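Content type TSV, C-alpha atoms, from the file work.tsv:
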```tsv
chain	number	residue	atom	x	y	z
A	1	GLU	CA	-7.38	17.33	-1.85
A	2	PRO	CA	-4.04	16.55	-3.51
A	3	GLU	CA	-3.67	13.00	-4.75
A	4	VAL	CA	-1.25	10.69	-6.48
A	5	THR	CA	-2.17	9.99	-10.10
A	6	GLN	CA	-1.01	7.13	-12.31
A	7	THR	CA	-1.15	6.42	-16.04
A	8	PRO	CA	-2.15	4.31	-17.79
A	9	SER	CA	-4.86	2.69	-15.71
A	10	HIS	CA	-4.48	-0.53	-17.73
A	11	GLN	CA	-1.63	-1.81	-19.88
A	12	VAL	CA	-1.52	-5.01	-21.90
A	13	THR	CA	1.82	-6.04	-23.36
A	14	GLN	CA	3.56	-9.00	-24.91
A	15	MET	CA	6.19	-10.91	-22.98
A	16	GLY	CA	9.63	-9.45	-23.60
A	17	GLN	CA	8.36	-5.95	-24.33
A	18	GLU	CA	9.33	-2.88	-22.35
A	19	VAL	CA	6.72	-0.96	-20.37
A	20	ILE	CA	6.86	2.36	-18.60
A	21	LEU	CA	4.41	3.11	-15.85
A	22	ARG	CA	3.95	6.74	-14.93
A	23	CYS	CA	3.10	8.46	-11.69
A	24	VAL	CA	2.61	12.04	-10.61
A	25	PRO	CA	3.19	12.19	-6.84
A	26	ILE	CA	1.60	14.78	-4.58
A	27	SER	CA	3.27	18.06	-5.49
A	28	ASN	CA	5.17	18.91	-2.30
A	29	HIS	CA	6.19	15.33	-1.54
A	30	LEU	CA	9.83	14.33	-1.74
A	31	TYR	CA	9.81	10.57	-1.14
A	32	PHE	CA	8.47	8.17	-3.74
A	33	TYR	CA	7.71	4.48	-3.81
A	34	TRP	CA	6.52	1.69	-6.06
A	35	TYR	CA	4.60	-1.30	-4.78
A	36	ARG	CA	2.90	-4.13	-6.62
A	37	GLN	CA	0.02	-6.45	-5.88
A	38	ILE	CA	-0.34	-9.71	-7.72
A	39	LEU	CA	-3.97	-10.76	-7.94
A	40	GLY	CA	-5.12	-12.23	-4.64
A	41	GLN	CA	-1.85	-11.52	-2.85
A	42	LYS	CA	-0.45	-8.92	-0.47
A	43	VAL	CA	0.77	-5.53	-1.54
A	44	GLU	CA	4.58	-5.81	-1.85
A	45	PHE	CA	7.25	-3.13	-1.68
A	46	LEU	CA	9.44	-2.70	-4.76
A	47	VAL	CA	11.54	0.44	-4.35
A	48	SER	CA	11.87	3.77	-2.58
A	49	PHE	CA	13.40	6.88	-4.13
A	50	TYR	CA	14.63	10.21	-2.79
A	51	ASN	CA	16.81	12.98	-4.14
A	52	ASN	CA	17.08	11.27	-7.52
A	53	GLU	CA	18.44	8.08	-6.04
A	54	ILE	CA	17.11	4.69	-5.09
A	55	SER	CA	17.14	4.46	-1.32
A	56	GLU	CA	15.95	0.92	-0.79
A	57	LYS	CA	14.81	-1.89	-3.04
A	58	SER	CA	13.37	-5.33	-2.55
A	59	GLU	CA	14.63	-8.58	-4.01
A	60	ILE	CA	11.81	-8.33	-6.56
A	61	PHE	CA	13.39	-5.18	-7.99
A	62	ASP	CA	16.02	-6.86	-10.15
A	63	ASP	CA	17.97	-5.54	-13.14
A	64	GLN	CA	14.84	-5.60	-15.30
A	65	PHE	CA	13.36	-2.77	-13.25
A	66	SER	CA	14.41	0.86	-13.11
A	67	VAL	CA	12.94	4.08	-11.77
A	68	GLU	CA	13.42	7.65	-12.83
A	69	ARG	CA	12.24	11.12	-12.06
A	70	PRO	CA	12.62	12.63	-15.53
A	71	ASP	CA	11.26	16.05	-14.58
A	72	GLY	CA	9.86	17.89	-11.60
A	73	SER	CA	6.56	16.09	-11.55
A	74	ASN	CA	6.75	12.56	-12.98
A	75	PHE	CA	8.08	9.40	-11.39
A	76	THR	CA	8.35	6.37	-13.64
A	77	LEU	CA	8.83	2.63	-13.31
A	78	LYS	CA	10.31	0.85	-16.30
A	79	ILE	CA	10.28	-2.88	-16.82
A	80	ARG	CA	12.80	-3.65	-19.55
A	81	SER	CA	11.70	-7.08	-20.69
A	82	THR	CA	8.40	-8.11	-19.21
A	83	LYS	CA	7.69	-11.62	-17.99
A	84	LEU	CA	4.36	-13.31	-17.43
A	85	GLU	CA	4.88	-13.09	-13.67
A	86	ASP	CA	5.13	-9.29	-13.88
A	87	SER	CA	1.36	-9.18	-14.35
A	88	ALA	CA	0.04	-7.27	-11.34
A	89	MET	CA	-1.34	-3.98	-10.10
A	90	TYR	CA	1.46	-1.47	-9.68
A	91	PHE	CA	0.95	1.28	-7.14
A	92	CYS	CA	2.92	4.48	-6.81
A	93	ALA	CA	3.03	6.20	-3.43
A	94	SER	CA	4.55	9.36	-2.04
A	95	SER	CA	5.24	10.86	1.35
A	96	ALA	CA	6.07	14.38	2.41
A	97	GLY	CA	8.93	15.15	4.74
A	98	GLY	CA	10.64	11.86	5.52
A	99	TRP	CA	10.65	8.09	5.43
A	100	GLN	CA	8.50	7.98	8.57
A	101	GLU	CA	5.73	10.05	7.04
A	102	THR	CA	2.42	8.59	5.92
A	103	GLN	CA	2.47	7.15	2.40
A	104	TYR	CA	-0.34	8.08	0.03
A	105	PHE	CA	-1.14	5.72	-2.81
A	106	GLY	CA	-2.23	6.24	-6.39
A	107	PRO	CA	-5.06	4.31	-8.05
A	108	GLY	CA	-2.68	1.84	-9.67
A	109	THR	CA	-1.85	0.54	-13.13
A	110	ARG	CA	-3.07	-2.92	-13.99
A	111	LEU	CA	-0.37	-4.60	-16.07
A	112	LEU	CA	-1.15	-7.74	-17.99
A	113	VAL	CA	1.70	-9.55	-19.72
A	114	LEU	CA	0.65	-12.07	-22.38
B	1	THR	CA	11.48	-11.29	6.96
B	2	GLN	CA	8.98	-8.96	8.53
B	3	LEU	CA	5.47	-10.34	8.62
B	4	LEU	CA	2.22	-8.67	9.48
B	5	GLU	CA	-0.55	-11.14	10.15
B	6	GLN	CA	-4.04	-9.80	9.72
B	7	SER	CA	-7.15	-11.57	10.96
B	8	PRO	CA	-9.75	-12.53	10.15
B	9	GLN	CA	-9.23	-12.72	6.38
B	10	PHE	CA	-12.98	-12.76	5.76
B	11	LEU	CA	-15.79	-11.47	7.92
B	12	SER	CA	-19.48	-11.33	7.11
B	13	ILE	CA	-21.83	-9.84	9.70
B	14	GLN	CA	-25.23	-8.21	9.94
B	15	GLU	CA	-25.81	-4.49	9.87
B	16	GLY	CA	-25.65	-3.03	13.38
B	17	GLU	CA	-23.15	-5.53	14.78
B	18	ASN	CA	-19.70	-4.64	16.06
B	19	LEU	CA	-16.45	-6.14	14.79
B	20	THR	CA	-12.72	-6.05	15.36
B	21	VAL	CA	-9.88	-6.70	12.91
B	22	TYR	CA	-6.41	-7.48	14.21
B	23	CYS	CA	-2.88	-7.02	12.89
B	24	ASN	CA	-0.04	-8.73	14.68
B	25	SER	CA	3.69	-8.98	14.19
B	26	SER	CA	6.87	-9.87	16.00
B	27	SER	CA	8.46	-6.73	14.53
B	28	VAL	CA	8.33	-3.25	16.02
B	29	PHE	CA	6.91	-0.59	13.73
B	30	SER	CA	7.64	3.12	13.63
B	31	SER	CA	4.03	3.63	12.66
B	32	LEU	CA	1.11	1.66	11.36
B	33	GLN	CA	-1.31	2.70	8.72
B	34	TRP	CA	-4.81	1.40	7.98
B	35	TYR	CA	-6.12	1.57	4.44
B	36	ARG	CA	-9.32	0.64	2.69
B	37	GLN	CA	-9.07	-0.72	-0.83
B	38	GLU	CA	-11.89	-1.02	-3.35
B	39	PRO	CA	-11.61	-3.58	-6.19
B	40	GLY	CA	-9.25	-2.38	-8.91
B	41	GLU	CA	-8.23	0.72	-6.99
B	42	GLY	CA	-5.37	1.83	-4.78
B	43	PRO	CA	-5.30	1.75	-0.98
B	44	VAL	CA	-6.98	4.81	0.53
B	45	LEU	CA	-5.59	5.95	3.86
B	46	LEU	CA	-7.90	5.77	6.86
B	47	VAL	CA	-5.51	6.56	9.69
B	48	THR	CA	-1.88	6.50	10.84
B	49	VAL	CA	-0.99	5.55	14.41
B	50	VAL	CA	2.47	6.38	15.68
B	51	THR	CA	2.69	6.21	19.46
B	52	GLY	CA	2.47	2.98	21.45
B	53	GLY	CA	-0.96	2.76	23.08
B	54	GLU	CA	-2.39	5.40	20.79
B	55	VAL	CA	-6.12	5.32	20.07
B	56	LYS	CA	-7.67	7.20	17.16
B	57	LYS	CA	-11.34	7.46	16.29
B	58	LEU	CA	-12.85	8.10	12.90
B	59	LYS	CA	-16.63	8.24	13.38
B	60	ARG	CA	-17.61	4.61	14.11
B	61	LEU	CA	-14.07	3.31	13.53
B	62	THR	CA	-11.61	3.04	16.42
B	63	PHE	CA	-7.95	2.28	15.76
B	64	GLN	CA	-5.49	1.22	18.44
B	65	PHE	CA	-1.73	0.78	18.32
B	66	GLY	CA	-0.28	-1.72	20.78
B	67	ASP	CA	1.91	-0.50	23.62
B	68	ALA	CA	4.93	-2.28	22.14
B	69	ARG	CA	4.10	-1.03	18.62
B	70	LYS	CA	3.93	-4.59	17.29
B	71	ASP	CA	0.18	-4.88	16.82
B	72	SER	CA	-2.92	-2.89	16.02
B	73	SER	CA	-6.67	-3.28	15.88
B	74	LEU	CA	-9.56	-1.74	14.03
B	75	HIS	CA	-12.93	-1.79	15.76
B	76	ILE	CA	-16.13	-0.85	13.94
B	77	THR	CA	-19.23	-0.06	15.96
B	78	ALA	CA	-22.70	-0.57	14.53
B	79	ALA	CA	-21.44	-1.68	11.13
B	80	GLN	CA	-23.27	-0.43	8.05
B	81	PRO	CA	-23.43	-1.82	4.49
B	82	GLY	CA	-21.25	1.11	3.40
B	83	ASP	CA	-18.43	-0.33	5.53
B	84	THR	CA	-18.18	-3.30	3.15
B	85	GLY	CA	-14.72	-3.50	1.61
B	86	LEU	CA	-11.13	-4.68	1.97
B	87	TYR	CA	-9.25	-3.30	4.98
B	88	LEU	CA	-5.46	-3.37	4.98
B	89	CYS	CA	-3.00	-2.72	7.75
B	90	ALA	CA	0.55	-1.73	6.84
B	91	GLY	CA	3.47	-1.24	9.19
B	92	LEU	CA	6.48	0.97	8.63
B	93	ILE	CA	9.55	-0.98	9.67
B	94	GLN	CA	11.89	0.88	12.01
B	95	GLY	CA	14.93	2.11	10.16
B	96	ALA	CA	13.51	1.10	6.77
B	97	GLN	CA	11.62	2.94	4.10
B	98	LYS	CA	9.02	0.39	3.18
B	99	LEU	CA	5.56	-0.54	4.32
B	100	VAL	CA	4.86	-4.17	5.12
B	101	PHE	CA	1.25	-5.04	4.40
B	102	GLY	CA	-1.09	-7.53	5.98
B	103	GLN	CA	-3.07	-9.79	3.69
B	104	GLY	CA	-6.25	-7.81	4.27
B	105	THR	CA	-9.65	-8.39	5.80
B	106	ARG	CA	-12.54	-8.61	3.39
B	107	LEU	CA	-15.53	-7.29	5.28
B	108	THR	CA	-19.14	-7.77	4.20
B	109	ILE	CA	-21.95	-6.07	6.05
B	110	ASN	CA	-25.33	-7.55	5.23
B	111	PRO	CA	-28.40	-5.32	5.42
```
Please express what this file holds, its structure, as structure tokens.
Amino acid sequence: EPEVTQTPSHQVTQMGQEVILRCVPISNHLYFYWYRQILGQKVEFLVSFYNNEISEKSEIFDDQFSVERPDGSNFTLKIRSTKLEDSAMYFCASSAGGWQETQYFGPGTRLLVL
Amino acid sequence: TQLLEQSPQFLSIQEGENLTVYCNSSSVFSSLQWYRQEPGEGPVLLVTVVTGGEVKKLKRLTFQFGDARKDSSLHITAAQPGDTGLYLCAGLIQGAQKLVFGQGTRLTINP
């Protein structure tokens, strides 16, 4: 069964460093999302992406964050200058034919900022 | 701010018992999805409900979407230790592109 994959599974970085989290959505899906989950808290929406453009973003998704679809398969989340409070699980998700379609999640990247 | 309140947050019962988990909101959802999440992993989809009043069954799990599409429930019959885990509800806000998640129900089934 097709699934969303994410790399790396774990990332440790120093405060102020840039990180890039990578995702490979399900192959025929067109809509992509990033969510995050701080330890012990709810899963929170960050951004949605379609047709090489951001469609919606939350207030968490400030200028330090960016997303890109550099080729036909990868979808990346970049954090330019990490802060301690960026430590969280980051989940990529994708859906098939529209915003109302079911979203399927990847296994996540655990980011720890020291 | 759209909120999805999930209850109970913790539930520990004996094998064979029945249980119900609730998700409630004042917002109307286009659809509502139930996920199960294991520690350190991503949410795994169990079911999507779309139509008000819809009932879906997945073996011993029964999912219901409220008539007004503001609430949902998950009922487990004859719970088994393998049902132990974190259950999440997530609603798709009408006209938006994001899921709003409940805080989860951590379920423990004791043998």
Return as a PyMOL selection string the residues belonging to chain A that are within 10 Å of chain B, counting all atoms listed in the file.
chain A and resi 4+9+31-35+37+39-49+55-58+89-93+98-110
From atom CA of Ser66 of chain A to atom CA of Ile54 of chain A the spacing works out at 9.3 Å
As an MDAnalysis selection string, please: the residues near Lys70 of chain B (cut-off 8 Å, all atoms listed in the file, same-chain neighbours under 4 positions excluded). chainID B and resid 24:29 65:66
Store the residues picked out above in a file with C-alpha atoms, as a compact mmCIF listing (two decimals), keeping the file's coordinate frame.
```txt
# COMPACT_ATOMS: atom_id res chain seq x y z
CA ASN B 24 -0.04 -8.73 14.68
CA SER B 25 3.69 -8.98 14.19
CA SER B 26 6.87 -9.87 16.00
CA SER B 27 8.46 -6.73 14.53
CA VAL B 28 8.33 -3.25 16.02
CA PHE B 29 6.91 -0.59 13.73
CA PHE B 65 -1.73 0.78 18.32
CA GLY B 66 -0.28 -1.72 20.78
```
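By chain and then residue number, the residues within 8 Å of Leu107 of chain B are Phe10, Leu11, Ser12, Asp83, Thr84, Gly85, Leu86 and Tyr87 of chain B, counting all atoms listed in the file and disregarding those fewer than 4 positions away in sequence.
Considering the residues A:Pro2, A:Pro25, A:Gly16, A:Pro8 and counting only C-alpha atoms, Asn74 of chain A has its shortest atom-to-atom contact with A:Pro25.
Atom pair atom CA of Ser27 of chain A / atom CA of Glu68 of chain A has a distance of 16.3 Å (rounded to one decimal).
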For a cutoff of 12 Å around the file-coordinate point (-10.8, -5.0, 14.2), which residues qualify once you count only C-alpha atoms? I'd like the result as a PyMOL selection string. chain B and resi 6-11+18-24+34+60-65+71-77+79+87-89+104-107
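Taking atom CA of Gln11 of chain A and atom CA of Gly72 of chain A as the two end points, the separation is 24.3 Å.
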